[in-house]
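Engineer: Got a file for you: entry-v6.cif, mmCIF, C-alpha atoms.
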data_work
#
loop_
_atom_site.group_PDB
_atom_site.id
_atom_site.type_symbol
_atom_site.label_atom_id
_atom_site.label_comp_id
_atom_site.auth_asym_id
_atom_site.auth_seq_id
_atom_site.Cartn_x
_atom_site.Cartn_y
_atom_site.Cartn_z
ATOM 1 C CA MET A 503 18.566 -39.149 3.798
ATOM 2 C CA HIS A 504 22.272 -39.937 3.863
ATOM 3 C CA ARG A 505 21.739 -43.046 1.726
ATOM 4 C CA ALA A 506 19.756 -41.117 -0.896
ATOM 5 C CA HIS A 507 22.565 -38.553 -0.989
ATOM 6 C CA GLU A 508 25.246 -41.264 -1.297
ATOM 7 C CA LEU A 509 23.395 -42.940 -4.154
ATOM 8 C CA GLY A 510 22.737 -39.648 -5.923
ATOM 9 C CA CYS A 511 19.264 -40.914 -6.711
ATOM 10 C CA ALA A 512 16.492 -38.654 -7.878
ATOM 11 C CA VAL A 513 13.734 -38.033 -5.336
ATOM 12 C CA VAL A 514 10.265 -36.640 -5.975
ATOM 13 C CA LEU A 515 9.067 -33.833 -3.704
ATOM 14 C CA GLY A 516 6.208 -34.944 -1.483
ATOM 15 C CA ASN A 517 3.837 -33.133 0.817
ATOM 16 C CA THR A 518 5.759 -34.167 3.947
ATOM 17 C CA ASP A 519 9.065 -32.951 2.488
ATOM 18 C CA HIS A 520 7.479 -29.579 1.776
ATOM 19 C CA TRP A 521 5.812 -29.505 5.198
ATOM 20 C CA LEU A 522 9.087 -30.221 7.020
ATOM 21 C CA LEU A 523 10.816 -27.286 5.384
ATOM 22 C CA HIS A 524 7.966 -24.760 5.561
ATOM 23 C CA HIS A 525 5.920 -25.534 8.694
ATOM 24 C CA ARG A 526 6.485 -23.649 11.950
ATOM 25 C CA PHE A 527 6.345 -26.128 14.828
ATOM 26 C CA ASP A 528 5.028 -25.050 18.252
ATOM 27 C CA ALA A 529 5.748 -26.663 21.627
ATOM 28 C CA ASP A 530 2.083 -27.609 22.120
ATOM 29 C CA ASP A 531 1.600 -29.180 18.667
ATOM 30 C CA ASP A 532 -0.081 -32.562 18.232
ATOM 31 C CA LEU A 533 1.832 -35.829 17.782
ATOM 32 C CA ARG A 534 2.116 -35.412 13.994
ATOM 33 C CA SER A 535 3.706 -31.984 14.417
ATOM 34 C CA ARG A 536 6.007 -33.254 17.163
ATOM 35 C CA LEU A 537 7.055 -36.031 14.783
ATOM 36 C CA GLY A 538 7.762 -33.403 12.122
ATOM 37 C CA ALA A 539 9.811 -31.319 14.551
ATOM 38 C CA TRP A 540 11.768 -34.399 15.616
ATOM 39 C CA THR A 541 12.375 -35.410 11.990
ATOM 40 C CA LEU A 542 13.534 -31.929 11.058
ATOM 41 C CA ALA A 543 15.926 -31.937 14.035
ATOM 42 C CA GLN A 544 17.542 -35.100 12.614
ATOM 43 C CA LEU A 545 18.454 -33.281 9.394
ATOM 44 C CA ASP A 546 21.581 -31.184 9.169
ATOM 45 C CA GLU A 547 21.852 -28.248 6.763
ATOM 46 C CA ASP A 548 23.224 -30.484 3.966
ATOM 47 C CA ASP A 549 20.202 -32.780 4.373
ATOM 48 C CA ARG A 550 17.831 -29.806 4.260
ATOM 49 C CA GLU A 551 19.545 -28.509 1.132
ATOM 50 C CA LEU A 552 19.109 -31.940 -0.434
ATOM 51 C CA VAL A 553 15.362 -31.879 0.359
ATOM 52 C CA ARG A 554 15.107 -28.351 -1.087
ATOM 53 C CA GLY A 555 16.411 -29.859 -4.337
ATOM 54 C CA PHE A 556 13.614 -32.451 -4.632
ATOM 55 C CA ARG A 557 11.565 -31.736 -7.738
ATOM 56 C CA PRO A 558 7.756 -32.055 -7.960
ATOM 57 C CA THR A 559 8.041 -34.168 -11.130
ATOM 58 C CA LEU A 560 10.783 -36.380 -12.521
ATOM 59 C CA GLU A 561 11.054 -37.926 -15.938
ATOM 60 C CA LEU A 562 13.110 -41.090 -16.234
ATOM 61 C CA ASP A 563 14.034 -43.205 -19.254
ATOM 62 C CA PRO A 564 13.389 -46.901 -18.471
ATOM 63 C CA GLY A 565 14.787 -47.815 -21.904
ATOM 64 C CA ASP A 566 13.692 -48.090 -25.528
ATOM 65 C CA GLY A 567 12.921 -44.365 -25.648
ATOM 66 C CA ARG A 568 10.046 -44.719 -23.212
ATOM 67 C CA ARG A 569 9.372 -42.096 -20.571
ATOM 68 C CA LEU A 570 8.433 -42.741 -16.950
ATOM 69 C CA LEU A 571 6.762 -39.775 -15.263
ATOM 70 C CA CYS A 572 7.274 -39.783 -11.474
ATOM 71 C CA VAL A 573 5.160 -37.619 -9.150
ATOM 72 C CA HIS A 574 4.045 -37.710 -5.539
ATOM 73 C CA GLY A 575 0.416 -36.756 -6.142
ATOM 74 C CA THR A 576 -0.432 -35.799 -9.712
ATOM 75 C CA PRO A 577 1.669 -34.217 -12.471
ATOM 76 C CA SER A 578 0.297 -30.797 -11.495
ATOM 77 C CA SER A 579 0.475 -30.992 -7.666
ATOM 78 C CA PHE A 580 2.220 -32.991 -4.939
ATOM 79 C CA LEU A 581 -0.891 -32.439 -2.788
ATOM 80 C CA GLU A 582 -3.512 -33.815 -5.175
ATOM 81 C CA LYS A 583 -4.423 -37.497 -5.312
ATOM 82 C CA ILE A 584 -5.484 -39.826 -8.081
ATOM 83 C CA ASP A 585 -8.794 -41.432 -7.180
ATOM 84 C CA PRO A 586 -8.852 -45.239 -7.488
ATOM 85 C CA ASP A 587 -12.003 -44.978 -9.614
ATOM 86 C CA ALA A 588 -10.436 -42.491 -12.051
ATOM 87 C CA SER A 589 -11.623 -43.097 -15.590
ATOM 88 C CA LYS A 590 -9.295 -44.207 -18.381
ATOM 89 C CA THR A 591 -9.643 -40.724 -19.851
ATOM 90 C CA GLU A 592 -8.513 -39.117 -16.568
ATOM 91 C CA LEU A 593 -5.607 -41.544 -16.276
ATOM 92 C CA ARG A 594 -4.531 -40.807 -19.866
ATOM 93 C CA GLU A 595 -4.564 -37.091 -19.041
ATOM 94 C CA PHE A 596 -2.284 -37.698 -16.060
ATOM 95 C CA LEU A 597 -0.045 -39.951 -18.159
ATOM 96 C CA GLY A 598 0.352 -37.578 -21.108
ATOM 97 C CA ASP A 599 2.853 -39.059 -23.550
ATOM 98 C CA ALA A 600 4.677 -41.071 -20.875
ATOM 99 C CA ALA A 601 4.791 -44.877 -21.027
ATOM 100 C CA ALA A 602 4.022 -45.094 -17.295
ATOM 101 C CA LEU A 603 3.139 -42.887 -14.356
ATOM 102 C CA ALA A 604 4.562 -43.538 -10.886
ATOM 103 C CA ALA A 605 2.511 -41.671 -8.275
ATOM 104 C CA GLY A 606 2.525 -41.774 -4.471
ATOM 105 C CA PRO A 607 -0.792 -41.157 -2.752
ATOM 106 C CA LEU A 608 -3.954 -42.931 -3.769
ATOM 107 C CA GLY A 609 -7.030 -41.034 -2.698
ATOM 108 C CA TRP A 610 -9.695 -42.784 -0.623
ATOM 109 C CA ARG A 611 -7.900 -46.124 -0.788
ATOM 110 C CA LYS A 612 -9.633 -49.036 0.868
ATOM 111 C CA LEU A 613 -7.318 -51.083 3.034
ATOM 112 C CA ALA A 614 -7.808 -54.498 4.589
ATOM 113 C CA THR A 615 -6.733 -53.120 7.958
ATOM 114 C CA LEU A 616 -6.764 -49.701 9.565
ATOM 115 C CA ARG A 617 -3.530 -47.907 8.700
ATOM 116 C CA SER A 618 -2.200 -44.440 9.204
ATOM 117 C CA ASP A 619 1.065 -42.564 9.300
ATOM 118 C CA PHE A 620 1.602 -44.165 12.698
ATOM 119 C CA ASP A 621 1.055 -47.842 11.876
ATOM 120 C CA GLY A 622 4.713 -48.889 11.665
ATOM 121 C CA THR A 623 4.798 -49.707 7.955
ATOM 122 C CA ALA A 624 6.192 -47.971 4.911
ATOM 123 C CA ASP A 625 5.051 -48.818 1.388
ATOM 124 C CA TYR A 626 7.142 -48.748 -1.766
ATOM 125 C CA ALA A 627 7.047 -50.030 -5.323
ATOM 126 C CA LEU A 628 9.717 -51.564 -7.539
ATOM 127 C CA LEU A 629 9.447 -50.886 -11.251
ATOM 128 C CA THR A 630 11.370 -53.228 -13.517
ATOM 129 C CA ALA A 631 11.929 -52.325 -17.171
ATOM 130 C CA GLU A 632 12.863 -55.192 -19.472
ATOM 131 C CA ARG A 633 12.692 -54.884 -23.244
ATOM 132 C CA ASP A 634 9.079 -53.982 -24.050
ATOM 133 C CA ASP A 635 7.749 -54.822 -20.597
ATOM 134 C CA LEU A 636 7.285 -52.715 -17.464
ATOM 135 C CA THR A 637 6.318 -54.562 -14.275
ATOM 136 C CA VAL A 638 5.505 -53.208 -10.832
ATOM 137 C CA GLU A 639 5.856 -54.958 -7.479
ATOM 138 C CA LEU A 640 4.232 -53.373 -4.407
ATOM 139 C CA HIS A 641 5.925 -53.935 -1.046
ATOM 140 C CA SER A 642 5.503 -52.977 2.601
ATOM 141 C CA VAL A 643 8.226 -52.937 5.196
ATOM 142 C CA GLU A 644 7.759 -52.642 8.932
ATOM 143 C CA TYR A 645 9.748 -50.260 11.082
ATOM 144 C CA PRO A 646 9.964 -50.175 14.896
ATOM 145 C CA LEU A 647 7.093 -47.807 15.628
ATOM 146 C CA GLU A 648 7.453 -47.968 19.413
ATOM 147 C CA GLU A 649 11.152 -47.133 19.096
ATOM 148 C CA LEU A 650 10.267 -44.123 16.951
ATOM 149 C CA ARG A 651 7.618 -42.947 19.417
ATOM 150 C CA ARG A 652 10.026 -43.323 22.340
ATOM 151 C CA ALA A 653 12.768 -41.392 20.501
ATOM 152 C CA ILE A 654 10.341 -38.560 19.764
ATOM 153 C CA GLU A 655 9.020 -38.397 23.309
ATOM 154 C CA GLU A 656 12.486 -38.545 24.884
ATOM 155 C CA SER A 657 14.128 -36.126 22.478
ATOM 156 C CA PRO A 658 14.566 -32.512 23.567
ATOM 157 C CA LEU A 659 13.074 -30.609 20.648
ATOM 158 C CA GLU A 660 14.198 -27.168 19.639
ATOM 159 C CA LEU A 661 11.101 -25.800 17.969
ATOM 160 C CA SER A 662 11.182 -22.755 15.751
#
Starting from the file, give its structure as structure tokens.
Structural biologist:
Amino acid sequence: MHRAHELGCAVVLGNTDHWLLHHRFDADDDLRSRLGAWTLAQLDEDDRELVRGFRPTLELDPGDGRRLLCVHGTPSSFLEKIDPDASKTELREFLGDAAALAAGPLGWRKLATLRSDFDGTADYALLTAERDDLTVELHSVEYPLEELRRAIEESPLELS
């Protein structure tokens, strides 16, 4: 959060961002809710204000007058997903007059291995705009899942 603030980079509102700010966590919640409570406890008021400023859609100019539409789910909802078998017509509707659409969740994706929110990896994409060409590279990065679990379990949570 601090790095995003330092860079002043635009961030798209996602379902977890919304959930962190609007969910009421209880002491007997499941692991996902305990993770949310722990995450929220890591954010100070400036961080929370930053998250409140995330917008559901962002439009960026990758150059040459093109428009990149950035969303978490679909242009109309951060909760909706674009199905991998969406038709070209459906994709064009999502795209509108933008040159490209950057979206987060992919509904019903088929993965080579079982993955979840608790698998110790985070996925991201790099979009490079050069002249008339837009290219995308998909990446995964591992994070220390056991360290995260231990921090959550050992942390005294103040639940609201």
Engineer: List the spatial neighbours of region 582-585 of chain A as a ChimeraX atom specification - criterion: any atom at most 12 Å away, only C-alpha atoms, same-chain residues fewer than 5 positions off excluded.
Structural biologist: /A:516-517,558,573-577,590,592-597,603-612
Engineer: Which one is closest to Ile654 (chain A): A:His524, A:His507, A:Arg534, A:Arg633? Count only C-alpha atoms.
Structural biologist: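 Ranking A:His524, A:His507, A:Arg534, A:Arg633 by distance to Ile654 (chain A), first place goes to A:Arg534.
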Engineer: Going by the chain IDs and residue numbers used in this file, which residues fall under the PyMOL selection byres ((chain A and resi 511-514) around 9)? Write them as a list in words.
Structural biologist: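 With the PyMOL selection byres ((chain A and resi 511-514) around 9) on this model, the match is Ala506, His507, Glu508, Leu509, Gly510, Leu515, Gly516, Val553, Gly555, Phe556, Arg557, Pro558, Thr559, Leu560, Cys572, Val573, His574 and Phe580 of chain A.
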Engineer: Translate the PyMOL selection byres ((chain A and resi 600) around 8) into a concrete residue list for this structure, as a list of chain:residue names.
Structural biologist: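 After applying the PyMOL selection byres ((chain A and resi 600) around 8), what remains is A:Arg568, A:Arg569, A:Leu570, A:Leu571, A:Leu597, A:Gly598, A:Asp599, A:Ala601, A:Ala602, A:Leu603.
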Engineer: Include C-alpha atoms and write out the residues we just selected as a short mmCIF file (atom, residue, chain, number, x, y, z; two decimals), in the coordinates of the input.
Structural biologist:
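Generated output (out.cif):
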data_model
loop_
_atom_site.label_atom_id
_atom_site.label_comp_id
_atom_site.auth_asym_id
_atom_site.auth_seq_id
_atom_site.Cartn_x
_atom_site.Cartn_y
_atom_site.Cartn_z
CA ARG A 568 10.05 -44.72 -23.21
CA ARG A 569 9.37 -42.10 -20.57
CA LEU A 570 8.43 -42.74 -16.95
CA LEU A 571 6.76 -39.78 -15.26
CA LEU A 597 -0.04 -39.95 -18.16
CA GLY A 598 0.35 -37.58 -21.11
CA ASP A 599 2.85 -39.06 -23.55
CA ALA A 601 4.79 -44.88 -21.03
CA ALA A 602 4.02 -45.09 -17.30
CA LEU A 603 3.14 -42.89 -14.36
#
Engineer: Nearest residue to Leu636 (chain A) out of A:Asp587, A:Glu655, A:Asp621, A:Asp566, using all atoms listed in the file?
Structural biologist: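 Under the stated criterion, the closest residue is A:Asp566.
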Engineer: On this structure, the PyMOL selection byres ((chain A and resi 641-653) around 6) would catch which residues? List them as an MDAnalysis selection string, sorted by chain and number.
Structural biologist: chainID A and resid 622:627 640 654:657
Engineer: Which one of A:Thr518, A:Ser578, A:Thr630, A:Thr591 sits closest to Thr541 (chain A) if you count only C-alpha atoms?
Structural biologist: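 The closest residue to Thr541 (chain A) is A:Thr518.
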Engineer: Give me, please, the distance in Å between CA of Val638 (chain A) and CA of Asp519 (chain A), quoted to one decimal.
Structural biologist: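 Distance reported for this atom pair: 24.5 Å.
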Engineer: Work out how far apart CA of Arg526 (chain A) and CA of Asp548 (chain A) are and give it in Å to one decimal.
Structural biologist: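 Answer for the CA of Arg526 (chain A) to CA of Asp548 (chain A) separation: 19.8 Å.
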Engineer: Kindly indicate which residue among A:Phe527, A:Gly567, A:Leu537, A:Arg554 lies nearest to Asp634 (chain A), using only C-alpha atoms for the distances.
Structural biologist: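 Nearest candidate to Asp634 (chain A) out of A:Phe527, A:Gly567, A:Leu537, A:Arg554: A:Gly567.
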Engineer: Quick check, in Å to one decimal: how far apart do CA of Pro658 (chain A) and CA of Ala539 (chain A) lie?
Structural biologist: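 Pair CA of Pro658 (chain A) / CA of Ala539 (chain A) returns 10.3 Å.
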Engineer: Pick from A:Asp528, A:Leu542, A:Trp521, A:Leu533: nearest to Leu581 (chain A), with all atoms listed in the file counted?
Structural biologist: A:Trp521
